[in-house]
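J.: Contents are compact mmCIF, N, CA and C atoms; file name entry12.txt:
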```txt
# COMPACT_ATOMS: atom_id res chain seq x y z
N MET A 1 13.50 -28.05 -84.83
CA MET A 1 13.43 -27.74 -83.40
C MET A 1 14.81 -27.88 -82.76
N GLU A 2 15.58 -28.87 -83.18
CA GLU A 2 16.92 -29.09 -82.62
C GLU A 2 17.83 -27.89 -82.87
N ASP A 3 17.69 -27.29 -84.08
CA ASP A 3 18.49 -26.12 -84.42
C ASP A 3 18.17 -24.94 -83.48
N ILE A 4 16.91 -24.74 -83.20
CA ILE A 4 16.51 -23.65 -82.31
C ILE A 4 17.06 -23.89 -80.91
N LYS A 5 16.98 -25.13 -80.44
CA LYS A 5 17.49 -25.46 -79.11
C LYS A 5 18.99 -25.19 -79.04
N GLN A 6 19.73 -25.57 -80.06
CA GLN A 6 21.18 -25.34 -80.08
C GLN A 6 21.50 -23.85 -80.12
N ARG A 7 20.76 -23.08 -80.92
CA ARG A 7 20.99 -21.64 -80.99
C ARG A 7 20.67 -20.97 -79.66
N LEU A 8 19.59 -21.40 -79.00
CA LEU A 8 19.22 -20.86 -77.70
C LEU A 8 20.30 -21.18 -76.67
N THR A 9 20.74 -22.42 -76.64
CA THR A 9 21.79 -22.83 -75.70
C THR A 9 23.05 -22.02 -75.94
N TYR A 10 23.45 -21.87 -77.18
CA TYR A 10 24.66 -21.12 -77.51
C TYR A 10 24.52 -19.66 -77.07
N SER A 11 23.36 -19.06 -77.31
CA SER A 11 23.15 -17.65 -76.93
C SER A 11 23.23 -17.48 -75.42
N LEU A 12 22.62 -18.39 -74.67
CA LEU A 12 22.67 -18.30 -73.22
C LEU A 12 24.08 -18.51 -72.69
N LEU A 13 24.82 -19.44 -73.29
CA LEU A 13 26.20 -19.67 -72.87
C LEU A 13 27.07 -18.45 -73.16
N GLN A 14 26.78 -17.75 -74.23
CA GLN A 14 27.53 -16.52 -74.53
C GLN A 14 27.33 -15.48 -73.42
N ILE A 15 26.11 -15.38 -72.92
CA ILE A 15 25.83 -14.44 -71.84
C ILE A 15 26.65 -14.80 -70.60
N LEU A 16 26.73 -16.10 -70.30
CA LEU A 16 27.48 -16.54 -69.12
C LEU A 16 28.97 -16.24 -69.21
N ASP A 17 29.48 -16.08 -70.43
CA ASP A 17 30.89 -15.76 -70.62
C ASP A 17 31.19 -14.27 -70.47
N LEU A 18 30.17 -13.45 -70.40
CA LEU A 18 30.37 -12.00 -70.32
C LEU A 18 30.70 -11.57 -68.89
N ASP A 19 31.33 -10.43 -68.76
CA ASP A 19 31.66 -9.86 -67.44
C ASP A 19 30.41 -9.62 -66.61
N VAL A 20 29.31 -9.29 -67.26
CA VAL A 20 28.08 -9.02 -66.52
C VAL A 20 27.61 -10.25 -65.74
N ALA A 21 27.89 -11.43 -66.23
CA ALA A 21 27.49 -12.65 -65.51
C ALA A 21 28.19 -12.73 -64.16
N ALA A 22 29.47 -12.38 -64.12
CA ALA A 22 30.21 -12.39 -62.86
C ALA A 22 29.68 -11.31 -61.92
N VAL A 23 29.32 -10.17 -62.47
CA VAL A 23 28.77 -9.08 -61.66
C VAL A 23 27.46 -9.53 -61.01
N LEU A 24 26.61 -10.19 -61.78
CA LEU A 24 25.32 -10.64 -61.26
C LEU A 24 25.47 -11.83 -60.32
N LYS A 25 26.42 -12.69 -60.60
CA LYS A 25 26.62 -13.90 -59.78
C LYS A 25 26.92 -13.56 -58.33
N GLN A 26 27.60 -12.45 -58.09
CA GLN A 26 27.95 -12.08 -56.72
C GLN A 26 26.70 -11.81 -55.88
N PHE A 27 25.58 -11.48 -56.53
CA PHE A 27 24.34 -11.26 -55.78
C PHE A 27 23.66 -12.57 -55.41
N LEU A 28 24.16 -13.67 -55.94
CA LEU A 28 23.56 -14.98 -55.69
C LEU A 28 24.36 -15.85 -54.74
N GLU A 29 25.61 -15.48 -54.51
CA GLU A 29 26.43 -16.29 -53.61
C GLU A 29 27.46 -15.40 -52.91
N GLY A 30 27.98 -15.89 -51.82
CA GLY A 30 29.01 -15.17 -51.10
C GLY A 30 28.48 -14.03 -50.24
N GLU A 31 29.39 -13.19 -49.80
CA GLU A 31 29.05 -12.10 -48.89
C GLU A 31 27.99 -11.16 -49.46
N THR A 32 28.12 -10.86 -50.74
CA THR A 32 27.17 -9.93 -51.36
C THR A 32 25.76 -10.47 -51.32
N SER A 33 25.60 -11.78 -51.45
CA SER A 33 24.25 -12.35 -51.41
C SER A 33 23.61 -12.15 -50.04
N VAL A 34 24.40 -12.23 -48.97
CA VAL A 34 23.87 -11.99 -47.63
C VAL A 34 23.48 -10.53 -47.47
N LEU A 35 24.35 -9.63 -47.89
CA LEU A 35 24.04 -8.20 -47.81
C LEU A 35 22.80 -7.88 -48.63
N PHE A 36 22.71 -8.46 -49.82
CA PHE A 36 21.57 -8.19 -50.70
C PHE A 36 20.28 -8.71 -50.08
N LEU A 37 20.32 -9.88 -49.45
CA LEU A 37 19.16 -10.43 -48.77
C LEU A 37 18.70 -9.49 -47.66
N LEU A 38 19.62 -9.03 -46.84
CA LEU A 38 19.28 -8.14 -45.73
C LEU A 38 18.71 -6.81 -46.25
N PHE A 39 19.29 -6.31 -47.33
CA PHE A 39 18.81 -5.07 -47.94
C PHE A 39 17.42 -5.26 -48.55
N ARG A 40 17.29 -6.31 -49.33
CA ARG A 40 16.05 -6.58 -50.09
C ARG A 40 14.85 -6.78 -49.17
N THR A 41 15.05 -7.49 -48.07
CA THR A 41 13.95 -7.77 -47.16
C THR A 41 13.73 -6.64 -46.15
N GLY A 42 14.78 -5.87 -45.90
CA GLY A 42 14.66 -4.74 -44.99
C GLY A 42 14.47 -5.11 -43.53
N LYS A 43 14.87 -6.32 -43.18
CA LYS A 43 14.71 -6.73 -41.78
C LYS A 43 15.86 -7.63 -41.35
N PRO A 44 16.13 -7.69 -40.05
CA PRO A 44 17.17 -8.59 -39.56
C PRO A 44 16.79 -10.05 -39.82
N HIS A 45 17.81 -10.89 -39.94
CA HIS A 45 17.60 -12.32 -40.17
C HIS A 45 18.45 -13.14 -39.20
N SER A 46 17.93 -14.27 -38.82
CA SER A 46 18.72 -15.23 -38.04
C SER A 46 19.57 -16.03 -39.03
N PRO A 47 20.64 -16.65 -38.55
CA PRO A 47 21.45 -17.49 -39.44
C PRO A 47 20.62 -18.58 -40.13
N SER A 48 19.68 -19.19 -39.41
CA SER A 48 18.88 -20.25 -40.02
C SER A 48 17.98 -19.70 -41.13
N GLU A 49 17.49 -18.48 -40.99
CA GLU A 49 16.72 -17.86 -42.07
C GLU A 49 17.60 -17.63 -43.30
N ILE A 50 18.83 -17.23 -43.07
CA ILE A 50 19.76 -17.02 -44.19
C ILE A 50 20.05 -18.35 -44.88
N VAL A 51 20.27 -19.40 -44.10
CA VAL A 51 20.48 -20.74 -44.66
C VAL A 51 19.32 -21.09 -45.59
N ASN A 52 18.10 -20.89 -45.10
CA ASN A 52 16.91 -21.25 -45.89
C ASN A 52 16.73 -20.37 -47.11
N GLU A 53 16.91 -19.08 -46.95
CA GLU A 53 16.71 -18.14 -48.06
C GLU A 53 17.73 -18.32 -49.18
N LEU A 54 18.98 -18.55 -48.80
CA LEU A 54 20.05 -18.63 -49.79
C LEU A 54 20.42 -20.06 -50.18
N SER A 55 19.81 -21.03 -49.50
CA SER A 55 20.08 -22.45 -49.78
C SER A 55 21.57 -22.78 -49.71
N ILE A 56 22.18 -22.36 -48.61
CA ILE A 56 23.59 -22.68 -48.37
C ILE A 56 23.72 -23.30 -46.99
N SER A 57 24.85 -23.93 -46.73
CA SER A 57 25.04 -24.66 -45.48
C SER A 57 25.20 -23.73 -44.29
N LYS A 58 24.94 -24.27 -43.10
CA LYS A 58 25.12 -23.51 -41.86
C LYS A 58 26.57 -23.07 -41.70
N GLY A 59 27.48 -23.97 -42.03
CA GLY A 59 28.90 -23.65 -41.93
C GLY A 59 29.29 -22.49 -42.83
N ARG A 60 28.76 -22.49 -44.05
CA ARG A 60 29.05 -21.41 -44.99
C ARG A 60 28.48 -20.08 -44.48
N VAL A 61 27.27 -20.13 -43.93
CA VAL A 61 26.66 -18.91 -43.38
C VAL A 61 27.50 -18.37 -42.22
N THR A 62 27.96 -19.25 -41.36
CA THR A 62 28.80 -18.83 -40.23
C THR A 62 30.05 -18.12 -40.73
N THR A 63 30.70 -18.70 -41.72
CA THR A 63 31.91 -18.10 -42.31
C THR A 63 31.59 -16.73 -42.90
N LEU A 64 30.50 -16.63 -43.66
CA LEU A 64 30.12 -15.36 -44.28
C LEU A 64 29.81 -14.30 -43.23
N LEU A 65 29.05 -14.69 -42.22
CA LEU A 65 28.67 -13.72 -41.17
C LEU A 65 29.89 -13.23 -40.39
N ASN A 66 30.80 -14.14 -40.09
CA ASN A 66 32.02 -13.72 -39.38
C ASN A 66 32.81 -12.72 -40.21
N SER A 67 32.95 -12.99 -41.50
CA SER A 67 33.69 -12.10 -42.38
C SER A 67 33.00 -10.75 -42.51
N LEU A 68 31.69 -10.76 -42.71
CA LEU A 68 30.95 -9.51 -42.83
C LEU A 68 31.00 -8.69 -41.54
N PHE A 69 30.94 -9.36 -40.41
CA PHE A 69 31.02 -8.68 -39.12
C PHE A 69 32.41 -8.06 -38.93
N ASP A 70 33.45 -8.82 -39.26
CA ASP A 70 34.82 -8.30 -39.15
C ASP A 70 35.04 -7.07 -40.00
N LYS A 71 34.34 -6.99 -41.13
CA LYS A 71 34.45 -5.84 -42.05
C LYS A 71 33.48 -4.72 -41.68
N GLU A 72 32.70 -4.94 -40.60
CA GLU A 72 31.72 -3.98 -40.11
C GLU A 72 30.60 -3.72 -41.12
N LEU A 73 30.25 -4.76 -41.90
CA LEU A 73 29.19 -4.63 -42.90
C LEU A 73 27.84 -5.10 -42.36
N ILE A 74 27.87 -5.83 -41.25
CA ILE A 74 26.64 -6.25 -40.57
C ILE A 74 26.78 -6.02 -39.07
N ASP A 75 25.62 -5.90 -38.42
CA ASP A 75 25.54 -5.85 -36.96
C ASP A 75 24.93 -7.16 -36.49
N ILE A 76 25.33 -7.58 -35.30
CA ILE A 76 24.77 -8.78 -34.69
C ILE A 76 24.05 -8.37 -33.41
N LYS A 77 22.80 -8.80 -33.28
CA LYS A 77 22.02 -8.50 -32.08
C LYS A 77 21.63 -9.82 -31.42
N MET A 78 22.09 -9.99 -30.20
CA MET A 78 21.78 -11.20 -29.44
C MET A 78 20.33 -11.15 -28.97
N SER A 79 19.69 -12.30 -28.94
CA SER A 79 18.32 -12.41 -28.45
C SER A 79 18.31 -12.21 -26.94
N GLU A 80 17.32 -11.48 -26.45
CA GLU A 80 17.19 -11.27 -25.01
C GLU A 80 16.64 -12.52 -24.32
N ASP A 81 15.89 -13.32 -25.07
CA ASP A 81 15.27 -14.53 -24.51
C ASP A 81 16.21 -15.73 -24.50
N ASP A 82 17.02 -15.84 -25.55
CA ASP A 82 17.87 -17.01 -25.71
C ASP A 82 19.26 -16.53 -26.14
N ARG A 83 20.22 -16.56 -25.25
CA ARG A 83 21.55 -16.02 -25.53
C ARG A 83 22.29 -16.81 -26.63
N ARG A 84 21.75 -17.94 -27.04
CA ARG A 84 22.37 -18.72 -28.11
C ARG A 84 21.92 -18.25 -29.49
N SER A 85 20.85 -17.48 -29.55
CA SER A 85 20.34 -17.06 -30.86
C SER A 85 20.57 -15.55 -31.06
N PHE A 86 20.64 -15.19 -32.32
CA PHE A 86 20.89 -13.80 -32.68
C PHE A 86 20.36 -13.52 -34.07
N THR A 87 20.27 -12.25 -34.39
CA THR A 87 19.91 -11.82 -35.74
C THR A 87 21.00 -10.88 -36.26
N VAL A 88 21.04 -10.77 -37.57
CA VAL A 88 22.01 -9.86 -38.19
C VAL A 88 21.26 -8.86 -39.05
N SER A 89 21.81 -7.67 -39.14
CA SER A 89 21.25 -6.62 -40.00
C SER A 89 22.41 -5.90 -40.69
N ILE A 90 22.08 -5.27 -41.78
CA ILE A 90 23.10 -4.58 -42.56
C ILE A 90 23.41 -3.22 -41.93
N THR A 91 24.68 -2.84 -41.93
CA THR A 91 25.10 -1.55 -41.39
C THR A 91 25.12 -0.49 -42.50
N GLN A 92 25.34 0.74 -42.11
CA GLN A 92 25.48 1.81 -43.10
C GLN A 92 26.67 1.53 -44.03
N LYS A 93 27.74 1.04 -43.46
CA LYS A 93 28.91 0.69 -44.28
C LYS A 93 28.55 -0.45 -45.24
N GLY A 94 27.77 -1.42 -44.76
CA GLY A 94 27.32 -2.51 -45.62
C GLY A 94 26.44 -2.01 -46.75
N LEU A 95 25.57 -1.06 -46.43
CA LEU A 95 24.71 -0.46 -47.46
C LEU A 95 25.53 0.26 -48.52
N ALA A 96 26.59 0.94 -48.08
CA ALA A 96 27.45 1.66 -49.02
C ALA A 96 28.17 0.69 -49.95
N VAL A 97 28.72 -0.38 -49.38
CA VAL A 97 29.42 -1.38 -50.19
C VAL A 97 28.46 -2.03 -51.18
N LEU A 98 27.27 -2.41 -50.69
CA LEU A 98 26.27 -3.02 -51.57
C LEU A 98 25.81 -2.04 -52.63
N GLY A 99 25.65 -0.78 -52.25
CA GLY A 99 25.25 0.25 -53.21
C GLY A 99 26.21 0.37 -54.38
N GLU A 100 27.50 0.28 -54.10
CA GLU A 100 28.50 0.34 -55.16
C GLU A 100 28.36 -0.85 -56.11
N LYS A 101 28.13 -2.02 -55.54
CA LYS A 101 27.97 -3.23 -56.36
C LYS A 101 26.70 -3.15 -57.20
N MET A 102 25.63 -2.63 -56.61
CA MET A 102 24.38 -2.50 -57.35
C MET A 102 24.51 -1.47 -58.47
N ALA A 103 25.23 -0.38 -58.20
CA ALA A 103 25.44 0.64 -59.23
C ALA A 103 26.24 0.07 -60.39
N ASN A 104 27.22 -0.77 -60.08
CA ASN A 104 28.00 -1.42 -61.13
C ASN A 104 27.11 -2.30 -62.00
N ALA A 105 26.23 -3.07 -61.37
CA ALA A 105 25.31 -3.93 -62.12
C ALA A 105 24.33 -3.08 -62.93
N ASP A 106 23.87 -1.98 -62.35
CA ASP A 106 22.91 -1.11 -63.04
C ASP A 106 23.47 -0.55 -64.34
N ARG A 107 24.77 -0.31 -64.40
CA ARG A 107 25.38 0.23 -65.62
C ARG A 107 25.16 -0.71 -66.80
N TYR A 108 25.25 -2.01 -66.55
CA TYR A 108 25.00 -2.97 -67.63
C TYR A 108 23.56 -2.90 -68.11
N PHE A 109 22.63 -2.77 -67.17
CA PHE A 109 21.21 -2.75 -67.54
C PHE A 109 20.80 -1.41 -68.14
N ASP A 110 21.43 -0.33 -67.70
CA ASP A 110 21.18 0.97 -68.33
C ASP A 110 21.54 0.91 -69.81
N LYS A 111 22.68 0.34 -70.10
CA LYS A 111 23.14 0.22 -71.49
C LYS A 111 22.19 -0.68 -72.29
N LEU A 112 21.79 -1.79 -71.69
CA LEU A 112 20.91 -2.73 -72.38
C LEU A 112 19.58 -2.07 -72.73
N VAL A 113 18.95 -1.40 -71.75
CA VAL A 113 17.66 -0.76 -71.99
C VAL A 113 17.79 0.37 -72.99
N GLU A 114 18.88 1.11 -72.90
CA GLU A 114 19.10 2.22 -73.83
C GLU A 114 19.21 1.70 -75.27
N ARG A 115 19.96 0.63 -75.45
CA ARG A 115 20.18 0.10 -76.80
C ARG A 115 18.96 -0.66 -77.35
N LEU A 116 18.26 -1.39 -76.49
CA LEU A 116 17.09 -2.14 -76.95
C LEU A 116 15.88 -1.23 -77.15
N GLY A 117 15.77 -0.22 -76.33
CA GLY A 117 14.58 0.62 -76.37
C GLY A 117 13.49 0.03 -75.49
N LYS A 118 12.45 0.82 -75.29
CA LYS A 118 11.38 0.45 -74.37
C LYS A 118 10.62 -0.80 -74.83
N GLU A 119 10.25 -0.83 -76.08
CA GLU A 119 9.42 -1.95 -76.58
C GLU A 119 10.16 -3.29 -76.51
N LYS A 120 11.37 -3.32 -77.01
CA LYS A 120 12.14 -4.58 -76.97
C LYS A 120 12.49 -4.97 -75.54
N SER A 121 12.77 -3.99 -74.69
CA SER A 121 13.08 -4.28 -73.29
C SER A 121 11.88 -4.93 -72.61
N ASN A 122 10.69 -4.39 -72.85
CA ASN A 122 9.48 -4.97 -72.27
C ASN A 122 9.22 -6.38 -72.82
N THR A 123 9.48 -6.58 -74.09
CA THR A 123 9.33 -7.92 -74.68
C THR A 123 10.31 -8.89 -74.04
N LEU A 124 11.55 -8.45 -73.85
CA LEU A 124 12.56 -9.29 -73.20
C LEU A 124 12.12 -9.65 -71.78
N ILE A 125 11.60 -8.69 -71.05
CA ILE A 125 11.13 -8.94 -69.69
C ILE A 125 10.03 -10.00 -69.70
N GLU A 126 9.09 -9.87 -70.61
CA GLU A 126 7.99 -10.85 -70.71
C GLU A 126 8.53 -12.24 -71.02
N ILE A 127 9.46 -12.32 -71.95
CA ILE A 127 10.04 -13.62 -72.32
C ILE A 127 10.82 -14.22 -71.14
N LEU A 128 11.60 -13.39 -70.45
CA LEU A 128 12.36 -13.89 -69.29
C LEU A 128 11.43 -14.36 -68.18
N ASN A 129 10.36 -13.62 -67.92
CA ASN A 129 9.39 -14.03 -66.90
C ASN A 129 8.74 -15.36 -67.27
N GLU A 130 8.38 -15.51 -68.52
CA GLU A 130 7.79 -16.77 -68.98
C GLU A 130 8.80 -17.91 -68.88
N THR A 131 10.05 -17.62 -69.21
CA THR A 131 11.12 -18.61 -69.11
C THR A 131 11.27 -19.09 -67.67
N VAL A 132 11.26 -18.16 -66.74
CA VAL A 132 11.38 -18.51 -65.32
C VAL A 132 10.23 -19.44 -64.91
N GLU A 133 9.03 -19.11 -65.31
CA GLU A 133 7.88 -19.94 -64.96
C GLU A 133 8.00 -21.35 -65.54
N ILE A 134 8.46 -21.45 -66.75
CA ILE A 134 8.64 -22.77 -67.38
C ILE A 134 9.73 -23.56 -66.66
N MET A 135 10.84 -22.91 -66.34
CA MET A 135 11.95 -23.57 -65.67
C MET A 135 11.58 -24.00 -64.24
N LYS A 136 10.72 -23.22 -63.59
CA LYS A 136 10.29 -23.56 -62.22
C LYS A 136 9.54 -24.89 -62.20
N GLU A 137 8.89 -25.23 -63.29
CA GLU A 137 8.12 -26.47 -63.36
C GLU A 137 9.02 -27.70 -63.13
N ASP A 138 10.29 -27.59 -63.50
CA ASP A 138 11.21 -28.72 -63.36
C ASP A 138 11.98 -28.69 -62.04
N ASP A 139 11.85 -27.63 -61.28
CA ASP A 139 12.56 -27.52 -60.00
C ASP A 139 11.88 -28.29 -58.89
```
In structure tokens, what does this structure look like?
T.:
Amino acid sequence: MEDIKQRLTYSLLQILDLDVAAVLKQFLEGETSVLFLLFRTGKPHSPSEIVNELSISKGRVTTLLNSLFDKELIDIKMSEDDRRSFTVSITQKGLAVLGEKMANADRYFDKLVERLGKEKSNTLIEILNETVEIMKEDD
């Protein structure tokens, strides 16, 4: 059993060393993660919702939102009821930037599915889904 654990650990660490890991990581942190959240949910979010969804600090969210706004990748809409609160949504320019990043990530998965084939790809998906469920038990 120890040998299998070591081989599994080594295989997963090899994946983390690949360029694809950096491509995927951007969807989990930083500006791209905010754009991806806004795209994925299809609705505006308040800063506190972003804090909760991405599990990052309020200060970090403020920095990210300011940067995204300066780049015209998000719009900010002030609340009519409370001038201290606002929501953000992704702009067309933000969608274009995110689209390029998603297309770059898709190239890795296109190659993977092409080389593995349908049957092995589906098996991999099943194993990954089961892995996620097992790992969630410890979270």
J.: Closest to Phe39 (chain A) among A:Asp82, A:Leu8, A:Lys101, A:Leu95, using all atoms listed in the file?
T.: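 Among A:Asp82, A:Leu8, A:Lys101, A:Leu95, it is A:Leu95 that comes nearest to Phe39 (chain A).
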J.: Please measure the separation of atom N of Asp138 (chain A) and CA of Phe36 (chain A), giving the value in Å to one decimal.
T.: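 Taking atom N of Asp138 (chain A) and CA of Phe36 (chain A), their separation equals 25.8 Å.
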J.: So which residues are close to (22.5, -20.0, -51.0), meaning at most 8 Å away in the file's coordinates with only N, CA and C atoms counted, and can you show them as a list in words?
T.: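 Taken together, the residues in range are Leu28, Glu29, Gly30, Ser33, Ile50, Val51, Asn52, Glu53, Leu54, Ser55, Ile56 and Ser57 of chain A.
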J.: Tell me which protein, DNA and RNA residues are within 9 Å of Lys77 (chain A), counting only C-alpha atoms, leaving out same-chain ones fewer than 5 positions away, and put them as a ChimeraX atom specification.
T.: /A:44,85-89
J.: Counting only C-alpha atoms, which of A:Gly99, A:Ile4, A:Thr62, A:Glu80 gets nearest to Leu35 (chain A)?
T.: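 Closest to Leu35 (chain A) of all the choices is A:Gly99.
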J.: Any chance you could list, as a list in words, the residues in chain A that come up strand (DSSP E or B) when DSSP is run on the backbone?
T.: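 Assigned to strand (DSSP E or B), within chain A: His45, Ile74, Asp75, Ile76, Lys77, Met78, Phe86, Thr87, Val88, Ser89 and Ile90 of chain A.
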J.: What is the atom C of Phe69 (chain A)-CA of Ile90 (chain A) distance in Å, reported with one decimal?
T.: 10.6 Å
J.: Between A:Val97, A:Leu112, A:Gly59, A:Tyr10, which one has atoms that come closest to Leu73 (chain A), using all atoms listed in the file?
T.: A:Val97
J.: Put the listed atoms of region 86-90 of chain A in a box along x, y and z with 3 Å added on every side and give me the centre and edge lengths in Å to one decimal, as AutoDock Vina command-line options.
T.:
```
--center_x 21.7 --center_y -9.2 --center_z -37.4 --size_x 9.5 --size_y 18.0 --size_z 16.2
```
J.: Which value, in Å to one decimal, gives the distance between atom N of Pro47 (chain A) and atom C of Ile76 (chain A)?
T.: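 Atom-to-atom, atom N of Pro47 (chain A) and atom C of Ile76 (chain A) are spaced 10.3 Å apart.
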